[in-house]
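Take a look at the structure below.
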Amino acid sequence: MDKYYIELIKSLVPLKYEEGHFRETLINALENYEALLRLYNEKLCSDIDSVIRYVEVCNMQIKKCIDSYSKGMYSVAYQCIDDILSDTLYADEYFIVPPKFSFYRSRLFKTNGRISHTEMFHIPFNKRGKVETQRYSAPGYPCLYLGSSVNACWEELGQPRFDDMMVSRFVVKEAFPVLDLRMPKEEDLEGDKIDVVLKKIPLIISTSIKTLDRTAFYKPEYIIPQLIIEYIITKNRIKYESGNNRLFDFVLGVYYTSVHINDYFNFPDETFDNLALPAVLVDRNETYCQLLASCFEWTDPTSYSYESISGKFGRSIERVTSDVDLTEKEANYRFSKMGELEERLSTFKLKGMLYCLTDANKIFIDSEGHDCTVYVRANVPWTIE
């Protein structure tokens, strides 16, 4: 299995291509994946024939999606992604991000002054004109991007001068489901759900293509990721407007592995994972999405230079050295500037936004006074009057 895993990860994900060869590079990668399945079929899983048939159909849909989009047939391209994600394979395999998970968000500010924690949330609705196209978000639609580590944030920002980054730690307060498109680990290909992992890989390949020109207005590498986010937004909107929704059960976004993987520092693979969470409640008179805000508490931002100047790192290092069961990669990261900053952020006070959110648009209590159940999230004391 180790040889198959190495061939899969090293040769297929993330993809790189030269000018003008996006479509050919993607199609070749999908066809190479089919070939790998046939080559290692006896070593993978007992139902490999079913997996290969599924992958063939999925690859055809992805090719049709790219071709339709390039011809301006955007609705046809979207329907291809809808067909893929509507399969029970994905509906039954959403990843639940549990409470107390930590993520990080980083921004570059022109000022050296202290920044409020609210400025580390998604771009506010009244400033939507500043929202540029990104891998999992279209221009003008706010999306909250979080990294599994400070390293993930640094890579996504294009490796800026580290001391210039302002970073906040986000802690999950309420569990929520996401579409899991992270690169599989070797152990994922040895478990009882190996068939699910193998079937998802064409979509992972299609969303893990390195951007040829990060300054370009049109990025073909973003076609499928943005259609995936459109699918999530559309399904959530349909549920919300139906009136029969469980607001807090919505699939909130995508959990994916960055294409900016840097092996130079020998950091753990999990330090390259990201979350993309598009705003859900955009039609209320609010500045931010209250549903996303209900899922997290987060710290005021800080930077490595702030904490270094104030002499805060000595005590953090003392706590780190007590960990003796670290792998080489884990130790590399823990003792890096990024690990130091994460350790420091773990001591910061968590904050939130003022909100009181229910999962019902209207509440009716009948004349008999029967009980009714309403789910509420709030970060301040509240009463019903």
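Labels for the structure tokens follow display order: chains A, B, ..., residues from 1 in each chain, ligands from 1.
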
### Message
Could you list, as a PyMOL selection string, every residue within 12 Å of A:Met120, counting only C-alpha atoms and ignoring same-chain residues fewer than 2 positions away?
### Response
chain A and resi 104-109+114-118+122-124+143-146+165-170+288+293+297-302+351-353

Contacts between stretch 244-260 of chain A and stretch 28-141 of chain A, please, where a residue of stretch 28-141 of chain A counts if it comes within 9 Å (with only C-alpha atoms); show its shortest atom pair and distance in Å to one decimal, rows by chain and ascending number, as CSV.
```
residue,atom,partner,partner_atom,distance
A:Tyr94,CA,A:Val251,CA,7.9
A:Phe95,CA,A:Tyr255,CA,8.2
A:Tyr136,CA,A:Val254,CA,8.2
```

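Here atom CA of A:Lys337 is placed at a distance of 16.4 Å from atom CA of A:Asp263.
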
### Query
How far is it from atom CA of A:Leu89 to atom CA of A:Lys193, in Å with one decimal?
10.9 Å

Kindly assemble as a tab-separated table a list of the stretch 77-185 of chain A residues that lie within 10 Å of stretch 43-58 of chain A, each paired with its nearest atom pair and their distance in Å to one decimal, using only C-alpha atoms, sorted first by chain and then by ascending residue number.
```
residue	atom	partner	partner_atom	distance
A:Cys80	CA	A:Cys58	CA	9.1
A:Ile81	CA	A:Cys58	CA	9.4
A:Asp83	CA	A:Cys58	CA	9.1
A:Ile84	CA	A:Cys58	CA	6.8
```

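In this structure, atom CA of A:Ala279 sits 7.6 Å away from atom CA of A:Tyr141.
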
## Note on the structure
Shortest contact to A:Met60, candidates A:Met73, A:Leu291, A:Glu34, A:Phe272, atoms counted only C-alpha atoms, goes to A:Glu34

### Query
What are the DSSP alpha helix (DSSP H) residues of stretch 144-318 of chain A, as number ranges by chain?
A: 150-156, 194-206, 223-242, 290-293, 304-309, 313-318

### All residues 12 Å or closer to A:Val76, only C-alpha atoms, same chain fewer than 2 positions away omitted, as a PyMOL selection string
chain A and resi 61-74+78-83+227

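Among the candidate residues A:Val13, A:Ile204, A:Leu39, A:Ile194, the one lying nearest to A:Asn59 is A:Ile204, with distances computed using only C-alpha atoms.
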
### Summary
Min atom-atom distance to A:Glu328 from the set A:Arg284, A:Phe265, A:Pro177, A:Leu354, counting only C-alpha atoms, belongs to A:Phe265

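Residue nearest A:Tyr17 within the list A:Ile209, A:Ile238, A:Leu292, A:Cys153: A:Ile209 [criterion: smallest interatomic distance, only C-alpha atoms].
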
List every residue of stretch 159-206 of chain A that has an atom at most 10 Å from any atom of stretch 18-32 of chain A, giving for each one its closest atom pair and the distance in Å to one decimal, counting only C-alpha atoms, sorted by chain and then by ascending residue number, as a Markdown table.
```
| residue | atom | partner | partner_atom | distance |
| --- | --- | --- | --- | --- |
| A:Ile201 | CA | A:Leu30 | CA | 9.1 |
| A:Pro202 | CA | A:Leu30 | CA | 6.3 |
| A:Leu203 | CA | A:Leu30 | CA | 9.4 |
| A:Ile205 | CA | A:Leu30 | CA | 7.5 |
| A:Ser206 | CA | A:Leu26 | CA | 6.8 |
```
